[in-house]
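Trainee: Here you go, work.pdb (PDB, C-alpha atoms, pLDDT in the B column):
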```
ATOM      1  CA  MET M 190      17.598 184.165-147.344  1.00 39.00           C
ATOM      2  CA  THR M 191      15.507 181.113-146.660  1.00 38.00           C
ATOM      3  CA  ASP M 192      14.554 179.464-143.403  1.00 38.00           C
ATOM      4  CA  ALA M 193      15.296 175.841-142.465  1.00 38.00           C
ATOM      5  CA  ARG M 194      12.318 174.633-144.552  1.00 42.00           C
ATOM      6  CA  GLY M 195      13.534 176.490-147.669  1.00 45.00           C
ATOM      7  CA  SER M 196      10.835 179.187-147.524  1.00 59.00           C
ATOM      8  CA  ALA M 197      11.586 182.764-148.447  1.00 74.00           C
ATOM      9  CA  SER M 198      11.843 185.170-145.536  1.00 82.00           C
ATOM     10  CA  PRO M 199       9.044 187.727-145.144  1.00 80.00           C
ATOM     11  CA  ARG M 200      11.428 190.474-146.281  1.00 81.00           C
ATOM     12  CA  GLU M 201      12.254 188.561-149.470  1.00 85.00           C
ATOM     13  CA  ALA M 202       8.552 187.929-150.020  1.00 86.00           C
ATOM     14  CA  LEU M 203       7.932 191.669-149.667  1.00 89.00           C
ATOM     15  CA  THR M 204      10.534 192.326-152.345  1.00 88.00           C
ATOM     16  CA  ALA M 205       8.812 189.853-154.670  1.00 90.00           C
ATOM     17  CA  LEU M 206       5.502 191.697-154.135  1.00 91.00           C
ATOM     18  CA  VAL M 207       6.803 195.063-155.381  1.00 93.00           C
ATOM     19  CA  PRO M 208       5.568 194.714-159.016  1.00 93.00           C
ATOM     20  CA  ARG M 209       2.060 193.750-157.858  1.00 94.00           C
ATOM     21  CA  LEU M 210       2.028 196.556-155.296  1.00 93.00           C
ATOM     22  CA  ARG M 211       3.101 199.061-157.950  1.00 93.00           C
ATOM     23  CA  ARG M 212       0.318 197.894-160.275  1.00 91.00           C
ATOM     24  CA  PHE M 213      -2.295 198.242-157.516  1.00 91.00           C
ATOM     25  CA  ALA M 214      -0.918 201.612-156.402  1.00 91.00           C
ATOM     26  CA  TYR M 215      -0.937 202.898-159.991  1.00 91.00           C
ATOM     27  CA  ALA M 216      -4.542 201.810-160.377  1.00 88.00           C
ATOM     28  CA  LEU M 217      -5.427 203.732-157.236  1.00 87.00           C
ATOM     29  CA  CYS M 218      -3.338 206.856-157.920  1.00 85.00           C
ATOM     30  CA  GLY M 219      -3.219 207.106-161.701  1.00 83.00           C
ATOM     31  CA  HIS M 220       0.282 208.570-161.674  1.00 85.00           C
ATOM     32  CA  PRO M 221       3.524 206.551-161.660  1.00 88.00           C
ATOM     33  CA  GLY M 222       5.341 208.874-159.266  1.00 88.00           C
ATOM     34  CA  ASP M 223       2.481 208.887-156.773  1.00 88.00           C
ATOM     35  CA  ALA M 224       2.181 205.114-157.094  1.00 91.00           C
ATOM     36  CA  ASP M 225       5.890 204.647-156.337  1.00 92.00           C
ATOM     37  CA  ASP M 226       5.571 206.927-153.305  1.00 92.00           C
ATOM     38  CA  LEU M 227       2.568 204.955-152.104  1.00 92.00           C
ATOM     39  CA  VAL M 228       4.404 201.637-152.516  1.00 93.00           C
ATOM     40  CA  GLN M 229       7.348 203.023-150.565  1.00 93.00           C
ATOM     41  CA  VAL M 230       5.068 204.138-147.720  1.00 92.00           C
ATOM     42  CA  ALA M 231       3.328 200.744-147.685  1.00 92.00           C
ATOM     43  CA  LEU M 232       6.606 198.826-147.653  1.00 93.00           C
ATOM     44  CA  GLU M 233       8.011 201.027-144.890  1.00 92.00           C
ATOM     45  CA  ARG M 234       4.905 200.416-142.792  1.00 92.00           C
ATOM     46  CA  ALA M 235       4.996 196.687-143.529  1.00 91.00           C
ATOM     47  CA  ILE M 236       8.661 196.352-142.586  1.00 90.00           C
ATOM     48  CA  MET M 237       8.195 198.403-139.404  1.00 91.00           C
ATOM     49  CA  ARG M 238       5.180 196.261-138.424  1.00 90.00           C
ATOM     50  CA  LEU M 239       6.379 192.893-139.720  1.00 88.00           C
ATOM     51  CA  ASP M 240       6.012 191.489-136.214  1.00 84.00           C
ATOM     52  CA  GLN M 241       2.238 192.119-136.532  1.00 87.00           C
ATOM     53  CA  TRP M 242       1.913 189.874-139.601  1.00 85.00           C
ATOM     54  CA  GLN M 243       0.595 186.419-138.740  1.00 85.00           C
ATOM     55  CA  PRO M 244       2.801 183.703-140.259  1.00 84.00           C
ATOM     56  CA  GLY M 245       0.630 181.251-142.143  1.00 83.00           C
ATOM     57  CA  THR M 246      -1.613 184.025-143.476  1.00 85.00           C
ATOM     58  CA  ARG M 247      -1.284 185.698-146.856  1.00 87.00           C
ATOM     59  CA  LEU M 248       1.450 188.284-146.781  1.00 89.00           C
ATOM     60  CA  ASP M 249       0.253 189.823-150.054  1.00 89.00           C
ATOM     61  CA  SER M 250      -3.251 190.498-148.699  1.00 89.00           C
ATOM     62  CA  TRP M 251      -1.771 192.029-145.559  1.00 92.00           C
ATOM     63  CA  VAL M 252       0.472 194.394-147.565  1.00 93.00           C
ATOM     64  CA  PHE M 253      -2.334 195.246-150.032  1.00 94.00           C
ATOM     65  CA  ARG M 254      -4.415 196.308-147.022  1.00 92.00           C
ATOM     66  CA  ILE M 255      -1.555 198.463-145.738  1.00 93.00           C
ATOM     67  CA  LEU M 256      -1.207 200.051-149.189  1.00 93.00           C
ATOM     68  CA  HIS M 257      -4.951 200.667-149.474  1.00 92.00           C
ATOM     69  CA  ASN M 258      -5.056 202.248-146.004  1.00 90.00           C
ATOM     70  CA  ALA M 259      -2.077 204.454-146.894  1.00 90.00           C
ATOM     71  CA  HIS M 260      -3.926 205.545-150.041  1.00 90.00           C
ATOM     72  CA  VAL M 261      -7.032 206.430-148.021  1.00 88.00           C
ATOM     73  CA  ASP M 262      -4.845 208.389-145.590  1.00 83.00           C
ATOM     74  CA  ASP M 263      -3.292 210.233-148.549  1.00 82.00           C
ATOM     75  CA  ILE M 264      -6.714 211.095-150.008  1.00 82.00           C
ATOM     76  CA  ARG M 265      -7.797 212.535-146.669  1.00 80.00           C
ATOM     77  CA  ALA M 266      -4.597 214.575-146.437  1.00 77.00           C
ATOM     78  CA  LYS M 267      -5.022 215.883-150.009  1.00 74.00           C
ATOM     79  CA  LYS M 268      -8.558 217.006-149.205  1.00 74.00           C
ATOM     80  CA  ARG M 269      -7.101 219.141-146.453  1.00 74.00           C
ATOM     81  CA  ARG M 270      -4.205 220.579-148.457  1.00 69.00           C
ATOM     82  CA  GLY M 271      -5.373 220.263-152.096  1.00 57.00           C
ATOM     83  CA  THR M 272      -3.865 218.203-154.924  1.00 49.00           C
ATOM     84  CA  VAL M 273      -0.866 218.836-157.161  1.00 53.00           C
ATOM     85  CA  VAL M 274      -1.116 217.900-160.843  1.00 47.00           C
ATOM     86  CA  ASP M 275       2.002 216.903-162.798  1.00 52.00           C
ATOM     87  CA  ILE M 276       1.521 217.507-166.533  1.00 48.00           C
ATOM     88  CA  ASP M 277       4.813 215.810-167.483  1.00 50.00           C
ATOM     89  CA  ASP M 278       3.179 212.374-167.710  1.00 48.00           C
ATOM     90  CA  VAL M 279       3.857 211.421-171.345  1.00 42.00           C
ATOM     91  CA  ALA M 280       6.229 208.586-172.166  1.00 46.00           C
ATOM     92  CA  GLY M 281       7.741 207.986-175.599  1.00 49.00           C
ATOM     93  CA  LEU M 282       6.704 204.986-177.680  1.00 42.00           C
ATOM     94  CA  ALA M 283       9.133 202.135-178.094  1.00 48.00           C
ATOM     95  CA  GLY M 284       9.930 200.521-181.434  1.00 51.00           C
ATOM     96  CA  GLY M 285       7.809 197.870-183.122  1.00 54.00           C
ATOM     97  CA  ASP M 286       4.604 198.240-185.045  1.00 66.00           C
ATOM     98  CA  ALA M 287       3.887 201.915-184.387  1.00 70.00           C
ATOM     99  CA  GLU M 288       0.238 201.875-185.446  1.00 72.00           C
ATOM    100  CA  ARG M 289      -0.579 198.910-183.200  1.00 77.00           C
ATOM    101  CA  ALA M 290       1.404 200.454-180.358  1.00 75.00           C
ATOM    102  CA  VAL M 291      -0.452 203.745-180.718  1.00 75.00           C
ATOM    103  CA  GLN M 292      -3.828 201.965-180.809  1.00 77.00           C
ATOM    104  CA  ALA M 293      -2.907 199.893-177.756  1.00 79.00           C
ATOM    105  CA  ARG M 294      -1.871 203.028-175.876  1.00 80.00           C
ATOM    106  CA  LEU M 295      -5.117 204.744-176.888  1.00 80.00           C
ATOM    107  CA  ASP M 296      -7.155 201.744-175.710  1.00 79.00           C
ATOM    108  CA  LEU M 297      -5.213 201.661-172.465  1.00 80.00           C
ATOM    109  CA  ALA M 298      -5.719 205.404-172.000  1.00 81.00           C
ATOM    110  CA  ARG M 299      -9.475 205.038-172.597  1.00 84.00           C
ATOM    111  CA  THR M 300      -9.670 202.163-170.132  1.00 83.00           C
ATOM    112  CA  ARG M 301      -7.596 204.087-167.584  1.00 83.00           C
ATOM    113  CA  GLU M 302      -9.794 207.162-168.073  1.00 84.00           C
ATOM    114  CA  ALA M 303     -12.937 205.061-167.651  1.00 85.00           C
ATOM    115  CA  MET M 304     -11.508 203.412-164.521  1.00 86.00           C
ATOM    116  CA  ASP M 305     -10.649 206.829-163.097  1.00 85.00           C
ATOM    117  CA  THR M 306     -14.340 207.767-163.207  1.00 87.00           C
ATOM    118  CA  LEU M 307     -15.244 204.826-160.973  1.00 88.00           C
ATOM    119  CA  PRO M 308     -15.606 205.499-157.263  1.00 89.00           C
ATOM    120  CA  ASP M 309     -12.487 204.475-155.286  1.00 88.00           C
ATOM    121  CA  GLU M 310     -14.402 201.653-153.615  1.00 90.00           C
ATOM    122  CA  GLN M 311     -15.330 200.069-156.953  1.00 90.00           C
ATOM    123  CA  ARG M 312     -11.928 200.692-158.542  1.00 89.00           C
ATOM    124  CA  SER M 313     -10.112 199.059-155.605  1.00 90.00           C
ATOM    125  CA  VAL M 314     -12.225 195.916-155.802  1.00 91.00           C
ATOM    126  CA  LEU M 315     -11.916 195.770-159.606  1.00 90.00           C
ATOM    127  CA  VAL M 316      -8.118 195.992-159.440  1.00 88.00           C
ATOM    128  CA  LEU M 317      -7.718 193.473-156.621  1.00 89.00           C
ATOM    129  CA  VAL M 318     -10.001 190.859-158.197  1.00 89.00           C
ATOM    130  CA  GLY M 319      -9.674 191.599-161.918  1.00 86.00           C
ATOM    131  CA  ILE M 320      -6.011 192.514-162.187  1.00 84.00           C
ATOM    132  CA  GLU M 321      -4.293 191.118-159.109  1.00 86.00           C
ATOM    133  CA  GLY M 322      -6.291 187.888-159.159  1.00 86.00           C
ATOM    134  CA  LEU M 323      -7.314 187.894-155.515  1.00 89.00           C
ATOM    135  CA  SER M 324     -10.362 185.832-154.611  1.00 90.00           C
ATOM    136  CA  TYR M 325     -13.497 187.616-153.441  1.00 92.00           C
ATOM    137  CA  GLN M 326     -12.703 186.559-149.875  1.00 91.00           C
ATOM    138  CA  GLU M 327      -9.105 187.782-150.107  1.00 90.00           C
ATOM    139  CA  ALA M 328     -10.277 191.131-151.501  1.00 91.00           C
ATOM    140  CA  ALA M 329     -12.868 191.357-148.716  1.00 91.00           C
ATOM    141  CA  ASP M 330     -10.185 190.667-146.108  1.00 90.00           C
ATOM    142  CA  THR M 331      -7.783 193.136-147.731  1.00 89.00           C
ATOM    143  CA  LEU M 332     -10.351 195.936-147.762  1.00 90.00           C
ATOM    144  CA  SER M 333     -11.996 194.954-144.458  1.00 91.00           C
ATOM    145  CA  ILE M 334     -15.443 194.655-146.012  1.00 93.00           C
ATOM    146  CA  PRO M 335     -17.965 191.802-146.294  1.00 94.00           C
ATOM    147  CA  ILE M 336     -17.639 189.441-149.270  1.00 93.00           C
ATOM    148  CA  GLY M 337     -21.129 190.424-150.456  1.00 93.00           C
ATOM    149  CA  THR M 338     -19.961 194.040-150.657  1.00 93.00           C
ATOM    150  CA  VAL M 339     -17.005 192.933-152.785  1.00 92.00           C
ATOM    151  CA  MET M 340     -19.329 191.111-155.166  1.00 93.00           C
ATOM    152  CA  SER M 341     -21.766 194.007-155.512  1.00 93.00           C
ATOM    153  CA  ARG M 342     -19.007 196.611-155.939  1.00 92.00           C
ATOM    154  CA  LEU M 343     -17.305 194.431-158.527  1.00 92.00           C
ATOM    155  CA  SER M 344     -20.552 193.952-160.435  1.00 92.00           C
ATOM    156  CA  ARG M 345     -21.292 197.683-160.416  1.00 93.00           C
ATOM    157  CA  ALA M 346     -17.701 198.482-161.414  1.00 91.00           C
ATOM    158  CA  ARG M 347     -17.753 196.066-164.352  1.00 91.00           C
ATOM    159  CA  LYS M 348     -21.101 197.398-165.604  1.00 93.00           C
ATOM    160  CA  ALA M 349     -20.037 201.028-165.250  1.00 91.00           C
ATOM    161  CA  LEU M 350     -16.678 200.375-166.919  1.00 89.00           C
ATOM    162  CA  ALA M 351     -18.302 198.554-169.850  1.00 89.00           C
ATOM    163  CA  ALA M 352     -20.852 201.354-170.294  1.00 90.00           C
ATOM    164  CA  ARG M 353     -18.157 204.054-170.212  1.00 87.00           C
ATOM    165  CA  LEU M 354     -15.937 202.192-172.663  1.00 86.00           C
ATOM    166  CA  GLU M 355     -18.894 201.657-174.996  1.00 86.00           C
ATOM    167  CA  THR M 356     -19.737 205.355-174.795  1.00 84.00           C
ATOM    168  CA  GLN M 357     -16.090 206.310-175.401  1.00 72.00           C
ATOM    169  CA  GLY M 358     -15.931 203.922-178.353  1.00 68.00           C
ATOM    170  CA  ALA M 359     -19.009 205.513-179.910  1.00 55.00           C
ATOM    171  CA  THR M 360     -17.594 209.014-179.530  1.00 57.00           C
ATOM    172  CA  ALA M 361     -14.120 207.986-180.805  1.00 54.00           C
ATOM    173  CA  ARG M 362     -15.491 206.775-184.143  1.00 48.00           C
TER     174      ARG M 362
END
```
Render the structure in this file as structure tokens.
Mentor:
Amino acid sequence: MTDARGSASPREALTALVPRLRRFAYALCGHPGDADDLVQVALERAIMRLDQWQPGTRLDSWVFRILHNAHVDDIRAKKRRGTVVDIDDVAGLAGGDAERAVQARLDLARTREAMDTLPDEQRSVLVLVGIEGLSYQEAADTLSIPIGTVMSRLSRARKALAARLETQGATAR
């Protein structure tokens, strides 16, 4: 549905955000099932609190903040009760050039593994700015931190990621 000006309703806008939310949640969680659960929690919270969103502000930043806060809540809860590891995480390869597909999956796995070693604070900033395309200010607003903190965390994350990938590349040869 659209309003009188032809704009999408907030609920429709939330629906359009789902792929971006899933990508961010996966970057935070590292597991598709956990990421989907996190997105569901974030969307439930956003819908229940839609009256708290300020029209004219960025809906995506507001929902990213909700998702990030839900992730932090989940981490705290897991520390209290322990974590569960699902070993059934392997997906089959689709058709196409198998060698290139395997190499791409290996590169992605190395990058994912290297990102997983980053502290949550650095990984969150890296995903929001580097993958989701948020500005430094939008990332700062989303994470409720100063813009200078975003810049320093992003710089440290990029350096650490490059160093880890270089080290992994040397050991993979």
Trainee: For Arg353 of chain M, work out the shell of residues within 9 Å, counting all atoms listed in the file and skipping chain neighbours fewer than 6 positions away, then give it as number ranges by chain.
Mentor: M: 300, 303-304, 306
Trainee: Please determine, counting all atoms listed in the file, which residue among M:Gln229, M:Val318, M:Glu355, M:Pro221 has the shortest atom-to-atom distance to Val207 of chain M.
Mentor: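 Among M:Gln229, M:Val318, M:Glu355, M:Pro221, it is M:Gln229 that comes nearest to Val207 of chain M.
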Trainee: Name the residues in contact with Val339 of chain M at a cut-off of 7 Å, using all atoms listed in the file, excluding same-chain residues fewer than 6 positions from it; report them as a ChimeraX atom specification.
Mentor: /M:314,325,329
Trainee: Provide the atom CA of Ser250 of chain M to atom CA of Ala328 of chain M distance in Å, to one decimal place.
Mentor: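 About the pair atom CA of Ser250 of chain M and atom CA of Ala328 of chain M: they are 7.6 Å apart.
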Trainee: Between M:Glu288, M:Leu332, M:Glu327, M:Gln243, which has the minimum distance to Val261 of chain M (counting all atoms listed in the file)?
Mentor: M:Leu332
Trainee: Looking at M:Ile236, M:Val252, M:Ala202, M:Ala346, which one is nearest to Asp309 of chain M, with distances taken over only C-alpha atoms?
Mentor: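 Of the candidates, the smallest distance to Asp309 of chain M is held by M:Ala346.
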Trainee: May I have the protein, DNA and RNA residues with an atom at most 10 Å from (-8.5, 196.3, -152.3), counting all atoms listed in the file in the file's coordinates, returned as a PyMOL selection string?
Mentor: chain M and resi 213+217+250+253-258+309-318+321+323+327-334+339
Trainee: What is the atom CA of Ala266 of chain M-atom CA of Arg342 of chain M distance in Å, reported with one decimal?
Mentor: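 Going from atom CA of Ala266 of chain M over to atom CA of Arg342 of chain M, I get 24.9 Å.
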Trainee: One number please: atom CA of Arg347 of chain M to atom CA of Lys267 of chain M, in Å, one decimal.
Mentor: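 Taking atom CA of Arg347 of chain M and atom CA of Lys267 of chain M, their separation equals 27.6 Å.
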Trainee: Which residues come within 10 Å of Ala235 of chain M, counting all atoms listed in the file, excluding same-chain residues fewer than 2 positions away, as a PDB file with C-alpha atoms, keeping the file's coordinate frame?
Mentor:
```
ATOM      1  CA  PRO M 199       9.044 187.727-145.144  1.00 80.00           C
ATOM      2  CA  ARG M 200      11.428 190.474-146.281  1.00 81.00           C
ATOM      3  CA  LEU M 203       7.932 191.669-149.667  1.00 89.00           C
ATOM      4  CA  GLN M 229       7.348 203.023-150.565  1.00 93.00           C
ATOM      5  CA  VAL M 230       5.068 204.138-147.720  1.00 92.00           C
ATOM      6  CA  ALA M 231       3.328 200.744-147.685  1.00 92.00           C
ATOM      7  CA  LEU M 232       6.606 198.826-147.653  1.00 93.00           C
ATOM      8  CA  GLU M 233       8.011 201.027-144.890  1.00 92.00           C
ATOM      9  CA  MET M 237       8.195 198.403-139.404  1.00 91.00           C
ATOM     10  CA  ARG M 238       5.180 196.261-138.424  1.00 90.00           C
ATOM     11  CA  LEU M 239       6.379 192.893-139.720  1.00 88.00           C
ATOM     12  CA  ASP M 240       6.012 191.489-136.214  1.00 84.00           C
ATOM     13  CA  GLN M 241       2.238 192.119-136.532  1.00 87.00           C
ATOM     14  CA  TRP M 242       1.913 189.874-139.601  1.00 85.00           C
ATOM     15  CA  LEU M 248       1.450 188.284-146.781  1.00 89.00           C
ATOM     16  CA  TRP M 251      -1.771 192.029-145.559  1.00 92.00           C
ATOM     17  CA  VAL M 252       0.472 194.394-147.565  1.00 93.00           C
ATOM     18  CA  PHE M 253      -2.334 195.246-150.032  1.00 94.00           C
ATOM     19  CA  ILE M 255      -1.555 198.463-145.738  1.00 93.00           C
ATOM     20  CA  LEU M 256      -1.207 200.051-149.189  1.00 93.00           C
TER      21      LEU M 256
END
```
Trainee: Would you pick out the contacts of Ala224 of chain M at 9 Å or less, using all atoms listed in the file, so that residues sharing its chain but fewer than 3 positions from it are not included, and give the list as a list in words?
Mentor: Leu210, Arg211, Arg212, Phe213, Ala214, Tyr215, Ala216, Leu217, Cys218, Gly219, His220, Pro221, Leu227, Val228 and Gln229 of chain M
Trainee: Would you output that residue set with C-alpha atoms, as an mmCIF file, keeping the file's coordinate frame?
Mentor:
```cif
data_model
loop_
_atom_site.group_PDB
_atom_site.id
_atom_site.type_symbol
_atom_site.label_atom_id
_atom_site.label_comp_id
_atom_site.auth_asym_id
_atom_site.auth_seq_id
_atom_site.Cartn_x
_atom_site.Cartn_y
_atom_site.Cartn_z
ATOM 1 C CA LEU M 210 2.028 196.556 -155.296
ATOM 2 C CA ARG M 211 3.101 199.061 -157.950
ATOM 3 C CA ARG M 212 0.318 197.894 -160.275
ATOM 4 C CA PHE M 213 -2.295 198.242 -157.516
ATOM 5 C CA ALA M 214 -0.918 201.612 -156.402
ATOM 6 C CA TYR M 215 -0.937 202.898 -159.991
ATOM 7 C CA ALA M 216 -4.542 201.810 -160.377
ATOM 8 C CA LEU M 217 -5.427 203.732 -157.236
ATOM 9 C CA CYS M 218 -3.338 206.856 -157.920
ATOM 10 C CA GLY M 219 -3.219 207.106 -161.701
ATOM 11 C CA HIS M 220 0.282 208.570 -161.674
ATOM 12 C CA PRO M 221 3.524 206.551 -161.660
ATOM 13 C CA LEU M 227 2.568 204.955 -152.104
ATOM 14 C CA VAL M 228 4.404 201.637 -152.516
ATOM 15 C CA GLN M 229 7.348 203.023 -150.565
#
```
Trainee: Between M:Ile336, M:Ile320, M:Ala287, M:Leu307, which residue has the minimum interatomic distance to Lys348 of chain M, considering only C-alpha atoms?
Mentor: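 Among the listed residues, the smallest separation from Lys348 of chain M belongs to M:Leu307.
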